[in-house]
$ cat coords.cif   # mmCIF, C-alpha atoms (C1' of nucleotides)
data_target
#
loop_
_atom_site.label_atom_id
_atom_site.label_comp_id
_atom_site.auth_asym_id
_atom_site.auth_seq_id
_atom_site.Cartn_x
_atom_site.Cartn_y
_atom_site.Cartn_z
CA MET C 981 97.00 101.67 78.74
CA VAL C 982 96.98 101.79 82.53
CA VAL C 983 99.69 102.06 85.18
CA LEU C 984 99.24 100.36 88.55
CA SER C 985 100.03 101.44 92.10
CA ASN C 986 102.70 99.72 94.15
CA ASN C 987 102.06 96.01 94.61
CA ASN C 988 100.05 96.09 91.35
CA GLY C 989 96.96 96.99 93.36
CA ASN C 990 95.06 99.92 91.87
CA ILE C 991 94.93 101.83 88.62
CA VAL C 992 96.68 105.16 89.20
CA ALA C 993 97.19 106.40 85.65
CA ARG C 994 95.01 105.93 82.57
CA SER C 995 95.31 106.72 78.91
CA ASN C 996 92.44 108.70 77.34
CA GLU C 997 91.01 105.50 75.84
CA VAL C 998 90.73 103.95 79.30
CA LYS C 999 89.16 107.10 80.73
CA ALA C 1000 86.61 106.94 77.89
CA LEU C 1001 85.67 103.43 79.03
CA GLY C 1002 84.62 104.96 82.35
CA ILE C 1003 87.20 103.24 84.54
CA PRO C 1004 87.70 105.62 87.48
CA MET C 1005 91.02 106.65 88.97
CA GLY C 1006 92.04 104.35 91.81
CA THR C 1007 90.03 101.30 90.71
CA PRO C 1008 91.45 98.02 92.06
CA ILE C 1009 92.70 96.18 89.00
CA PHE C 1010 90.94 92.92 89.84
CA GLN C 1011 87.56 94.65 89.57
CA VAL C 1012 88.06 95.40 85.88
CA ARG C 1013 89.87 92.28 84.68
CA ASP C 1014 87.15 91.61 82.09
CA LEU C 1015 87.31 95.11 80.58
CA ILE C 1016 91.10 94.86 80.40
CA GLN C 1017 90.81 91.61 78.47
CA ALA C 1018 88.00 92.76 76.20
CA HIS C 1019 89.75 95.99 75.14
CA GLN C 1020 93.30 94.62 75.22
CA ILE C 1021 94.37 97.32 77.64
CA GLN C 1022 98.10 97.32 78.24
CA VAL C 1023 98.91 97.08 81.96
CA TYR C 1024 102.15 98.29 83.58
CA SER C 1025 103.55 98.31 87.11
CA SER C 1026 104.81 101.74 88.12
CA ASN C 1027 108.51 102.56 87.78
CA TYR C 1028 109.23 105.50 90.06
CA THR C 1029 112.94 105.52 89.35
CA LEU C 1030 112.22 106.15 85.69
CA TYR C 1031 109.55 108.76 86.41
CA GLY C 1032 111.88 110.55 88.81
CA ASP C 1033 114.60 110.75 86.20
CA LEU C 1034 112.30 112.06 83.47
CA SER C 1035 110.81 114.54 85.95
CA GLN C 1036 114.28 115.91 86.67
CA ARG C 1037 114.92 116.38 82.95
CA VAL C 1038 111.68 118.30 82.55
CA MET C 1039 112.39 120.49 85.60
CA GLN C 1040 115.89 121.28 84.33
CA THR C 1041 114.33 122.36 81.06
CA LEU C 1042 111.84 124.60 82.88
CA GLU C 1043 114.71 126.29 84.73
CA GLN C 1044 115.79 127.77 81.41
CA PHE C 1045 112.64 129.86 81.32
CA SER C 1046 112.66 131.51 84.73
CA PRO C 1047 114.84 131.71 87.83
CA GLU C 1048 111.61 131.43 89.83
CA LEU C 1049 110.84 127.72 89.74
CA GLU C 1050 108.89 125.79 92.33
CA VAL C 1051 108.95 122.04 91.76
CA TYR C 1052 105.57 121.20 93.22
CA SER C 1053 105.44 117.45 92.58
CA ILE C 1054 106.92 114.83 90.31
CA ASP C 1055 104.83 116.14 87.41
CA GLU C 1056 103.96 119.74 88.25
CA ALA C 1057 105.82 122.99 88.67
CA PHE C 1058 105.05 126.67 89.17
CA LEU C 1059 107.09 129.29 87.33
CA GLY C 1060 107.22 133.01 87.98
CA LEU C 1061 106.84 134.74 84.59
CA SER C 1062 106.66 138.25 83.28
CA GLY C 1063 106.07 139.61 79.81
CA ASP C 1064 104.01 137.92 77.10
CA GLY C 1065 102.58 134.88 78.91
CA GLU C 1066 101.14 133.34 75.77
CA ALA C 1067 104.42 133.43 73.84
CA VAL C 1068 106.52 132.11 76.72
CA ALA C 1069 104.02 129.34 77.43
CA GLN C 1070 104.03 128.20 73.80
CA GLN C 1071 107.79 128.16 73.65
CA LEU C 1072 108.08 126.38 76.97
CA ARG C 1073 105.72 123.64 75.87
CA GLN C 1074 107.53 123.16 72.60
CA THR C 1075 110.98 123.07 74.19
CA VAL C 1076 110.01 120.50 76.82
CA GLN C 1077 108.49 118.34 74.09
CA GLN C 1078 111.61 118.62 71.95
CA TRP C 1079 114.20 118.10 74.69
CA THR C 1080 112.48 115.38 76.73
CA GLY C 1081 109.67 113.95 74.61
CA ILE C 1082 107.22 114.71 77.42
CA PRO C 1083 104.04 116.58 76.46
CA VAL C 1084 103.11 119.26 79.03
CA SER C 1085 100.24 121.70 79.37
CA VAL C 1086 100.73 125.24 80.60
CA GLY C 1087 98.26 127.45 82.46
CA VAL C 1088 99.07 131.13 83.03
CA ALA C 1089 97.34 133.34 85.61
CA THR C 1090 98.01 135.77 88.46
CA THR C 1091 97.82 133.29 91.35
CA LYS C 1092 98.72 129.64 91.79
CA THR C 1093 95.11 128.64 92.28
CA LEU C 1094 94.03 130.41 89.09
CA ALA C 1095 97.02 128.95 87.24
CA LYS C 1096 95.75 125.50 88.19
CA VAL C 1097 92.37 126.41 86.71
CA ALA C 1098 94.09 127.64 83.56
CA ASN C 1099 96.09 124.44 83.35
CA HIS C 1100 92.87 122.44 83.62
CA LEU C 1101 91.59 124.30 80.54
CA ALA C 1102 94.91 123.99 78.73
CA LYS C 1103 94.79 120.22 79.13
CA GLN C 1104 91.39 120.10 77.43
CA GLY C 1105 92.40 122.47 74.65
CA SER C 1106 95.57 123.30 72.80
CA GLY C 1107 97.94 122.75 75.73
CA VAL C 1108 98.28 126.42 76.59
CA CYS C 1109 95.78 128.68 78.35
CA VAL C 1110 96.28 132.27 79.50
CA LEU C 1111 93.52 133.20 81.91
CA THR C 1112 92.94 136.91 81.32
CA ASP C 1113 89.28 136.91 82.42
CA PRO C 1114 88.79 134.07 84.94
CA SER C 1115 85.04 134.57 85.51
CA PRO C 1116 83.65 132.35 82.73
CA ALA C 1117 86.09 129.57 83.60
CA LEU C 1118 85.20 129.79 87.28
CA ALA C 1119 81.48 129.68 86.47
CA ASP C 1120 82.02 126.39 84.65
CA LEU C 1121 84.20 124.83 87.35
CA PRO C 1122 82.49 122.66 90.01
CA VAL C 1123 83.64 123.78 93.45
CA GLY C 1124 85.10 120.35 94.20
CA GLU C 1125 87.60 120.66 91.36
CA ILE C 1126 89.35 123.67 92.84
CA TRP C 1127 92.87 123.00 94.09
CA GLY C 1128 92.56 122.69 97.87
CA ILE C 1129 88.91 121.59 97.93
CA GLY C 1130 88.63 117.86 98.64
CA HIS C 1131 85.45 115.85 98.82
CA ARG C 1132 84.60 116.84 102.41
CA LEU C 1133 84.83 120.59 101.89
CA SER C 1134 83.10 120.14 98.55
CA ASP C 1135 80.14 118.46 100.27
CA ARG C 1136 79.97 121.15 102.94
CA LEU C 1137 80.08 123.99 100.42
CA GLN C 1138 77.39 122.38 98.31
CA GLN C 1139 75.17 122.04 101.38
CA HIS C 1140 75.42 125.81 101.62
CA GLY C 1141 74.47 126.26 97.98
CA ILE C 1142 78.01 126.95 96.74
CA LEU C 1143 78.30 124.84 93.61
CA THR C 1144 80.83 126.63 91.40
CA ALA C 1145 84.22 128.25 91.80
CA LEU C 1146 82.64 131.58 90.80
CA GLN C 1147 80.15 131.36 93.68
CA LEU C 1148 82.95 130.58 96.10
CA ARG C 1149 85.02 133.51 94.85
CA ASP C 1150 82.18 135.90 95.62
CA VAL C 1151 81.31 134.83 99.18
CA GLU C 1152 81.96 137.06 102.20
CA LEU C 1153 85.36 136.45 103.80
CA PRO C 1154 84.09 136.13 107.42
CA TRP C 1155 81.63 133.50 106.23
CA VAL C 1156 84.32 131.38 104.59
CA GLN C 1157 86.61 131.92 107.59
CA GLN C 1158 83.86 130.45 109.74
CA LEU C 1159 83.32 127.45 107.45
CA MET C 1160 86.86 126.65 106.31
CA GLY C 1161 89.23 128.56 108.56
CA ILE C 1162 92.24 130.48 107.32
CA VAL C 1163 92.75 127.99 104.49
CA GLY C 1164 89.40 128.96 103.00
CA VAL C 1165 90.13 132.69 103.24
CA ARG C 1166 93.40 132.27 101.37
CA LEU C 1167 91.73 130.14 98.73
CA VAL C 1168 88.98 132.69 98.07
CA GLN C 1169 91.54 135.50 97.83
CA GLU C 1170 93.54 133.45 95.34
CA LEU C 1171 90.40 132.98 93.23
CA ARG C 1172 90.04 136.78 93.27
CA GLY C 1173 93.54 137.13 91.86
CA ILE C 1174 95.19 138.16 95.15
CA PRO C 1175 98.21 135.90 95.73
CA CYS C 1176 98.25 134.24 99.17
CA LEU C 1177 100.34 131.21 98.31
CA PRO C 1178 103.86 132.42 97.45
CA LEU C 1179 106.23 130.49 95.19
CA GLU C 1180 108.37 128.18 97.32
CA LEU C 1181 111.70 128.76 95.61
CA CYS C 1182 113.89 126.89 98.10
CA PRO C 1183 112.01 123.92 99.47
CA ALA C 1184 111.90 123.67 103.26
CA PRO C 1185 113.64 120.58 104.65
CA ARG C 1186 111.21 117.77 105.14
CA LYS C 1187 109.86 116.96 108.59
CA SER C 1188 109.29 113.25 108.25
CA CYS C 1189 110.35 110.36 106.07
CA CYS C 1190 108.25 107.24 105.71
CA VAL C 1191 108.93 103.98 103.89
CA SER C 1192 106.05 101.53 103.89
CA ARG C 1193 104.90 98.76 101.57
CA SER C 1194 102.18 96.19 101.26
CA PHE C 1195 103.54 92.66 101.02
CA GLY C 1196 103.22 90.54 97.90
CA ARG C 1197 101.62 87.89 100.11
CA PRO C 1198 100.56 87.88 103.76
CA ILE C 1199 103.30 87.45 106.38
CA GLU C 1200 102.72 85.42 109.54
CA SER C 1201 106.17 84.95 111.09
CA LEU C 1202 108.15 87.45 113.11
CA GLY C 1203 111.23 86.51 111.10
CA GLU C 1204 109.82 87.70 107.79
CA LEU C 1205 108.25 90.75 109.38
CA LYS C 1206 111.66 91.73 110.74
CA GLU C 1207 113.19 91.34 107.28
CA ALA C 1208 110.61 93.70 105.83
CA VAL C 1209 110.98 96.27 108.61
CA ALA C 1210 114.79 96.14 108.33
CA THR C 1211 114.51 96.67 104.57
CA TYR C 1212 112.22 99.69 104.96
CA GLY C 1213 114.34 101.08 107.78
CA ALA C 1214 117.49 100.84 105.67
CA ARG C 1215 115.74 102.58 102.78
CA ALA C 1216 114.49 105.37 105.05
CA ALA C 1217 117.98 105.81 106.52
CA ALA C 1218 119.48 106.16 103.04
CA LYS C 1219 116.86 108.78 102.15
CA VAL C 1220 117.56 111.00 105.15
CA ARG C 1221 121.32 110.66 104.59
CA ARG C 1222 120.82 111.77 101.00
CA ASP C 1223 119.00 114.85 102.31
CA GLY C 1224 121.72 115.60 104.88
CA LEU C 1225 119.35 114.92 107.80
CA THR C 1226 119.25 112.84 110.97
CA ALA C 1227 116.25 111.34 112.75
CA GLY C 1228 115.49 111.60 116.45
CA VAL C 1229 112.57 109.19 116.54
CA VAL C 1230 111.81 105.90 114.79
CA THR C 1231 108.20 104.70 114.55
CA VAL C 1232 107.25 101.28 113.20
CA PHE C 1233 103.73 100.22 112.27
CA ILE C 1234 102.31 96.91 111.14
CA THR C 1235 98.80 95.98 110.04
CA THR C 1236 96.71 93.04 108.85
CA ASN C 1237 94.54 93.23 105.71
CA ARG C 1238 91.64 95.59 106.38
CA PHE C 1239 89.83 94.35 103.29
CA LYS C 1240 89.39 90.94 104.88
CA PRO C 1241 87.00 91.66 107.77
CA ASP C 1242 86.48 87.93 108.35
CA GLU C 1243 90.10 87.48 109.35
CA PRO C 1244 91.35 88.60 112.78
CA GLN C 1245 92.52 92.22 112.59
CA TYR C 1246 95.46 93.85 114.31
CA ALA C 1247 97.16 97.18 113.67
CA ASN C 1248 99.61 98.89 115.97
CA SER C 1249 102.65 101.12 116.08
CA ALA C 1250 105.61 101.54 118.41
CA VAL C 1251 107.86 104.54 118.92
CA VAL C 1252 111.56 104.51 119.74
CA GLN C 1253 113.20 107.74 120.87
CA LEU C 1254 116.90 107.63 120.03
CA PRO C 1255 119.37 108.82 122.69
CA GLN C 1256 120.97 110.92 119.99
CA PRO C 1257 119.76 111.79 116.46
CA ALA C 1258 121.18 109.38 113.87
CA ASN C 1259 121.07 108.59 110.18
CA ASP C 1260 123.20 105.49 109.96
CA THR C 1261 121.49 102.36 108.78
CA LEU C 1262 122.67 100.14 111.62
CA THR C 1263 121.36 102.37 114.42
CA LEU C 1264 118.03 103.04 112.75
CA VAL C 1265 117.46 99.41 111.74
CA GLN C 1266 118.28 98.23 115.24
CA ALA C 1267 115.74 100.65 116.69
CA ALA C 1268 113.13 99.56 114.14
CA LEU C 1269 113.71 95.88 114.94
CA ARG C 1270 113.30 96.52 118.67
CA ALA C 1271 110.01 98.23 117.89
CA VAL C 1272 108.64 95.42 115.72
CA GLU C 1273 109.53 92.84 118.34
CA ARG C 1274 107.37 94.77 120.80
CA LEU C 1275 104.54 95.00 118.28
CA TYR C 1276 104.40 91.50 116.93
CA ARG C 1277 101.55 89.22 117.96
CA PRO C 1278 101.43 85.67 116.57
CA GLY C 1279 98.33 84.35 114.83
CA TYR C 1280 97.75 87.21 112.41
CA GLN C 1281 98.20 87.55 108.65
CA TYR C 1282 100.17 90.78 108.26
CA LYS C 1283 99.68 92.73 105.04
CA LYS C 1284 101.73 95.88 105.44
CA ALA C 1285 104.45 97.44 107.55
CA GLY C 1286 106.25 100.76 107.59
CA VAL C 1287 109.05 102.75 109.18
CA LEU C 1288 108.57 106.43 109.92
CA LEU C 1289 111.46 108.74 110.81
CA THR C 1290 110.61 112.00 112.58
CA GLU C 1291 112.26 114.80 114.54
CA LEU C 1292 114.48 115.26 111.50
CA GLY C 1293 117.25 117.79 111.79
CA PRO C 1294 120.39 118.81 109.94
CA ALA C 1295 123.16 116.20 110.13
CA SER C 1296 125.69 119.02 110.52
CA VAL C 1297 124.50 119.92 114.03
CA VAL C 1298 123.74 116.90 116.18
CA GLN C 1299 123.25 117.19 119.92
CA GLY C 1300 125.42 114.43 121.37
CA ASP C 1301 124.49 112.44 124.44
CA LEU C 1302 126.68 112.09 127.48
CA PHE C 1303 127.72 108.52 126.84
CA SER C 1304 128.32 108.54 123.09
CA ALA C 1305 131.76 107.80 121.68
CA PRO C 1306 132.61 110.41 119.02
CA ALA C 1307 135.34 108.25 117.46
CA GLN C 1308 132.91 105.44 116.84
CA GLN C 1309 130.37 107.88 115.34
CA GLU C 1310 133.05 109.04 112.95
CA ARG C 1311 133.77 105.49 111.82
CA ARG C 1312 130.06 104.81 111.40
CA GLY C 1313 129.73 107.89 109.22
CA ALA C 1314 132.61 106.79 107.03
CA LEU C 1315 131.06 103.33 106.70
CA MET C 1316 127.76 104.82 105.52
CA ARG C 1317 129.49 107.04 102.97
CA THR C 1318 131.18 103.94 101.58
CA VAL C 1319 127.96 101.91 101.49
CA ASP C 1320 126.07 104.76 99.81
CA SER C 1321 128.72 105.25 97.17
CA LEU C 1322 128.89 101.53 96.38
CA ASN C 1323 125.14 101.34 96.03
CA GLN C 1324 125.18 104.48 93.91
CA GLN C 1325 127.88 103.17 91.62
CA PHE C 1326 126.90 99.51 91.30
CA GLY C 1327 123.16 99.74 91.83
CA ALA C 1328 120.78 99.67 94.79
CA GLY C 1329 121.13 96.54 96.91
CA THR C 1330 124.80 95.94 96.19
CA VAL C 1331 125.60 96.28 99.92
CA PHE C 1332 122.87 95.77 102.50
CA CYS C 1333 122.20 94.59 106.06
CA ALA C 1334 121.85 90.82 106.44
CA ALA C 1335 118.78 91.58 108.58
CA GLU C 1336 117.00 92.71 105.41
CA GLY C 1337 116.88 89.10 104.20
CA ILE C 1338 118.06 87.52 100.97
CA GLU C 1339 115.11 85.83 99.30
CA LYS C 1340 112.47 88.33 100.43
CA GLU C 1341 109.56 86.18 99.35
CA TRP C 1342 107.23 88.77 100.89
CA GLN C 1343 108.31 91.52 98.46
CA MET C 1344 105.66 93.52 96.67
CA ARG C 1345 104.53 92.52 93.20
CA SER C 1346 105.88 94.60 90.34
CA GLY C 1347 106.05 92.03 87.58
CA LEU C 1348 104.77 94.30 84.79
CA ARG C 1349 107.31 97.09 85.21
CA SER C 1350 108.36 99.05 82.14
CA SER C 1351 112.05 99.21 81.25
CA GLY C 1352 114.32 101.73 82.97
CA PHE C 1353 114.81 103.44 79.62
CA THR C 1354 116.95 106.26 81.01
CA THR C 1355 118.00 104.76 84.36
CA ARG C 1356 119.50 101.32 83.58
CA TRP C 1357 122.24 100.66 81.09
CA GLY C 1358 120.77 97.26 80.23
CA GLU C 1359 117.36 98.69 79.38
CA LEU C 1360 118.08 101.56 77.00
CA PRO C 1361 115.47 102.08 74.29
CA VAL C 1362 116.28 100.30 71.04
CA VAL C 1363 115.99 102.25 67.78
CA ARG C 1364 114.87 99.99 64.94
"C1'" DT E 437 92.65 85.63 94.98
"C1'" DC E 438 93.27 90.45 94.17
"C1'" DT E 439 92.43 96.84 97.24
"C1'" DG E 440 99.29 102.10 97.03
"C1'" DG E 441 102.73 105.36 99.07
"C1'" DG E 442 104.42 109.72 100.90
"C1'" DG E 443 103.77 114.04 102.41
"C1'" DT E 444 101.87 118.95 104.55
"C1'" DC E 445 99.06 122.23 107.23
"C1'" DC E 446 95.42 123.73 110.53
"C1'" DT E 447 92.58 123.48 114.71
"C1'" DA E 448 90.92 122.51 119.24
"C1'" DG E 449 91.68 120.96 123.67
"C1'" DG E 450 94.50 119.79 127.51
"C1'" DA E 451 98.38 120.59 130.41
"C1'" DC E 452 101.47 123.51 132.06
"C1'" DC E 453 104.16 127.98 133.07
"C1'" DC E 454 104.68 132.79 135.33
"C1'" DT V 88 77.98 137.24 144.97
"C1'" DC V 89 82.50 136.89 143.88
"C1'" DT V 90 87.11 133.56 140.97
"C1'" DG V 91 93.11 137.26 136.06
"C1'" DG V 92 95.89 137.63 132.06
"C1'" DG V 93 99.05 135.98 128.86
"C1'" DG V 94 101.59 132.61 127.09
"C1'" DT V 95 103.83 127.80 125.15
"C1'" DC V 96 103.90 123.01 123.97
"C1'" DC V 97 101.92 118.68 122.76
"C1'" DT V 98 98.56 115.63 120.71
"C1'" DA V 99 94.88 113.85 118.03
"C1'" DG V 100 91.98 114.43 114.45
"C1'" DG V 101 90.68 116.33 110.18
"C1'" DA V 102 91.56 118.04 105.80
"C1'" DC V 103 94.17 118.37 101.75
"C1'" DC V 104 97.79 117.36 97.91
"C1'" DC V 105 100.21 114.33 94.16
#
$ encode --input "coords.cif" --output "structure tokens"
Amino acid sequence: MVVLSNNNGNIVARSNEVKALGIPMGTPIFQVRDLIQAHQIQVYSSNYTLYGDLSQRVMQTLEQFSPELEVYSIDEAFLGLSGDGEAVAQQLRQTVQQWTGIPVSVGVATTKTLAKVANHLAKQGSGVCVLTDPSPALADLPVGEIWGIGHRLSDRLQQHGILTALQLRDVELPWVQQLMGIVGVRLVQELRGIPCLPLELCPAPRKSCCVSRSFGRPIESLGELKEAVATYGARAAAKVRRDGLTAGVVTVFITTNRFKPDEPQYANSAVVQLPQPANDTLTLVQAALRAVERLYRPGYQYKKAGVLLTELGPASVVQGDLFSAPAQQERRGALMRTVDSLNQQFGAGTVFCAAEGIEKEWQMRSGLRSSGFTTRWGELPVVR
DNA sequence: TCTGGGGTCCTAGGACCC
DNA sequence: TCTGGGGTCCTAGGACCC
């Protein structure tokens, strides 16, 4: 089985059977159509609403085991533990399996970076790994597989003869400072068991919020482009409202298909500074539409657009501008609360801006989406 | 024909201030 | 021949993560 990226473009998750066939992560699906057919691989669009819900259930389960929980991503978390690591890890794994049906692997070590190494081993073995003596594991680990080493740093380290995590752990600090800056120093210390990356127990408020999508088919007209940008702008506005934030700046970008070098290419972005930070859909969408009108050039096949909100700040303290009308702001806020609660209660898209369009023929492909087993009443799993 | 989306941090250089 | 010291802010680019 494989799961595809947005717009059904690339393979972003693979079952073990697919990995065994040698299909790499990120492969565009059209490049392996024959293999998919030959091995009857099941193909699914991704369903982030479902994954988000299951993730929350897993994280809530993890909370039972320690007050020190850092939710690192949709499918990873760090826990502060004391006592018998092995026993806790076993019990944690079993409980998550029982309560949510999700299999997890647990790596235990003295720093986050070493815990990631331990988790790597756990995944290959029994599902639990307590790293008491890291050296053998580090000797077996290619330097590029360390958390925080991407392909560029990996290449550079290998040019200097550093091939394994063990070799990197034992370099001189000034040397790594020179090559990789402060990030490298912290990483080496972490490999030595000296924590430099603390648990982030209360996540810092985000600094930007971006909604962008490839289109299901190329867009040529300004009209459709505006629909897409309005749709993304409205989505971004809802996200910052959910987080209790406002945006000071709206950036819009549009681009043609970079994989078609024979076609004329155009990519550009435009920035709108708001007179006063806002999070209501109407203000943000208006700003985004002004931006896309400035950007648009006829004669191109557009493939993707996005709306980026920055200069985010708490909605509770907004610096007003001299000419704003507080009463109207208050009404706008009430309107958004109503819209959000309707969309929450009756489903996304119940109330929306007309500017977002109705038919949306440009919408991304997601025709192979799995059911919303735990997120839609109409799609609950059926027990036979 | 077909190629994803959403984030963060660090660094160096330029511009400016007193 | 000689030309201070100590800062901040902004931006672009590079690197990384899931």
$ resolve_selection --input "coords.cif" --expression "the PyMOL selection byres ((chain E and resi 451) around 10)" --output "PyMOL selection string"
(chain E and resi 449-450+452-453) or (chain V and resi 96-97)
$ atom_distance --input "coords.cif" --atom1 "CA of Val1319 (chain C)" --atom2 "CA of Arg1222 (chain C)"
12.2 Å
$ interface_residues --input "coords.cif" --of "chain E" --to "chain C" --cutoff "10 Å" --atoms "all atoms listed in the file" --output "JSON, numbers by chain"
{"E": [437, 438, 439, 440, 441, 442, 443, 444, 445, 446, 447]}
$ atom_distance --input "coords.cif" --atom1 "CA of Thr1231 (chain C)" --atom2 "CA of Pro1183 (chain C)"
24.7 Å
$ atom_distance --input "coords.cif" --atom1 "CA of Gly1141 (chain C)" --atom2 "CA of Met1005 (chain C)"
27.2 Å
$ resolve_selection --input "coords.cif" --expression "the PyMOL selection byres ((chain C and resi 1341) around 12)" --output "ChimeraX atom specification"
/C:1195-1199,1203-1205,1207-1208,1336-1340,1342-1345
$ residues_around --input "coords.cif" --residues "region 1100-1104 of chain C" --least-positions-apart "2" --cutoff "12 Å" --atoms "all atoms listed in the file" --output "NGL selection string"
:C and (996 or 1066 or 1069-1070 or 1073 or 1083-1089 or 1093-1098 or 1106-1111 or 1114 or 1116-1118 or 1120-1121 or 1125-1127)
$ resolve_selection --input "coords.cif" --expression "the PyMOL selection byres ((chain C and resi 1213) around 9)" --output "list in words"
Cys1190, Val1191, Ala1208, Val1209, Ala1210, Thr1211, Tyr1212, Ala1214, Arg1215, Ala1216, Ala1217, Ala1218, Val1230, Val1232, Thr1261, Leu1264, Val1265, Gln1266, Ala1268, Leu1269, Gly1286, Val1287, Leu1288 and Leu1289 of chain C
$ axis_aligned_box --input "coords.cif" --around "region 1040-1058 of chain C" --padding-each-side "3 Å" --output "AutoDock Vina command-line options"
--center_x 109.9 --center_y 123.3 --center_z 87.1 --size_x 17.9 --size_y 22.9 --size_z 18.2
$ decode --input "coords.cif" --residues "region 442-454 of chain E" --atoms "N, CA and C atoms (P, O5', C5', C4', C3', O3' and C1' of nucleotides)" --output "short mmCIF file (atom, residue, chain, number, x, y, z; two decimals), in the first residue's frame"
data_model
loop_
_atom_site.label_atom_id
_atom_site.label_comp_id
_atom_site.auth_asym_id
_atom_site.auth_seq_id
_atom_site.Cartn_x
_atom_site.Cartn_y
_atom_site.Cartn_z
P DG E 442 0.03 24.27 2.76
"O5'" DG E 442 1.00 24.19 4.00
"C5'" DG E 442 0.63 23.36 5.09
"C4'" DG E 442 1.69 23.50 6.15
"C3'" DG E 442 2.09 24.97 6.41
"O3'" DG E 442 2.04 25.20 7.80
"C1'" DG E 442 3.98 23.62 6.07
P DG E 443 1.93 26.66 8.40
"O5'" DG E 443 3.07 26.67 9.48
"C5'" DG E 443 4.33 27.17 9.15
"C4'" DG E 443 5.35 26.27 9.78
"C3'" DG E 443 6.58 27.03 10.26
"O3'" DG E 443 6.34 27.51 11.57
"C1'" DG E 443 7.16 24.99 9.14
P DT E 444 7.15 28.78 12.13
"O5'" DT E 444 8.56 28.12 12.47
"C5'" DT E 444 8.64 27.06 13.42
"C4'" DT E 444 10.09 26.65 13.52
"C3'" DT E 444 10.98 27.84 13.81
"O3'" DT E 444 11.51 27.75 15.11
"C1'" DT E 444 11.83 26.55 11.98
P DC E 445 12.33 29.04 15.69
"O5'" DC E 445 13.82 28.71 15.27
"C5'" DC E 445 14.41 27.45 15.58
"C4'" DC E 445 15.76 27.40 14.90
"C3'" DC E 445 16.63 28.61 15.23
"O3'" DC E 445 17.87 28.15 15.72
"C1'" DC E 445 16.51 28.28 12.88
P DC E 446 18.93 29.20 16.31
"O5'" DC E 446 19.93 29.38 15.09
"C5'" DC E 446 20.58 28.24 14.56
"C4'" DC E 446 21.46 28.68 13.42
"C3'" DC E 446 22.34 29.89 13.74
"O3'" DC E 446 23.67 29.53 13.43
"C1'" DC E 446 21.11 30.26 11.74
P DT E 447 24.87 30.55 13.77
"O5'" DT E 447 25.09 31.25 12.36
"C5'" DT E 447 25.20 30.46 11.19
"C4'" DT E 447 25.50 31.36 10.02
"C3'" DT E 447 26.38 32.55 10.38
"O3'" DT E 447 27.42 32.63 9.44
"C1'" DT E 447 24.38 33.28 9.32
P DA E 448 28.66 33.63 9.72
"O5'" DA E 448 28.63 34.52 8.41
"C5'" DA E 448 28.08 34.00 7.20
"C4'" DA E 448 27.78 35.15 6.27
"C3'" DA E 448 28.68 36.38 6.48
"O3'" DA E 448 29.03 36.89 5.21
"C1'" DA E 448 26.40 36.99 6.79
P DG E 449 30.09 38.13 5.15
"O5'" DG E 449 29.17 39.29 4.54
"C5'" DG E 449 28.21 38.96 3.52
"C4'" DG E 449 27.29 40.14 3.35
"C3'" DG E 449 27.98 41.49 3.49
"O3'" DG E 449 27.55 42.33 2.44
"C1'" DG E 449 26.14 41.37 4.97
P DG E 450 28.27 43.79 2.26
"O5'" DG E 450 27.03 44.76 2.42
"C5'" DG E 450 25.78 44.39 1.81
"C4'" DG E 450 24.69 45.27 2.39
"C3'" DG E 450 25.11 46.74 2.55
"O3'" DG E 450 24.11 47.56 1.99
"C1'" DG E 450 24.24 45.88 4.58
P DA E 451 24.43 49.16 1.87
"O5'" DA E 451 23.54 49.76 3.04
"C5'" DA E 451 22.15 49.46 3.07
"C4'" DA E 451 21.59 49.99 4.37
"C3'" DA E 451 22.11 51.39 4.71
"O3'" DA E 451 21.04 52.31 4.81
"C1'" DA E 451 22.27 49.90 6.56
P DC E 452 21.39 53.88 5.02
"O5'" DC E 452 21.30 54.03 6.60
"C5'" DC E 452 20.07 53.75 7.26
"C4'" DC E 452 20.34 53.58 8.72
"C3'" DC E 452 21.10 54.73 9.37
"O3'" DC E 452 20.20 55.71 9.85
"C1'" DC E 452 21.71 52.57 10.23
P DC E 453 20.80 57.01 10.58
"O5'" DC E 453 20.98 56.52 12.09
"C5'" DC E 453 19.86 56.02 12.80
"C4'" DC E 453 20.32 55.68 14.20
"C3'" DC E 453 21.23 56.75 14.78
"O3'" DC E 453 20.48 57.65 15.56
"C1'" DC E 453 22.13 54.56 15.14
P DC E 454 21.21 59.01 16.05
"O5'" DC E 454 22.10 58.57 17.28
"C5'" DC E 454 21.50 57.97 18.43
"C4'" DC E 454 22.60 57.62 19.42
"C3'" DC E 454 23.45 58.85 19.77
"O3'" DC E 454 23.51 59.00 21.17
"C1'" DC E 454 24.81 57.02 19.04
#
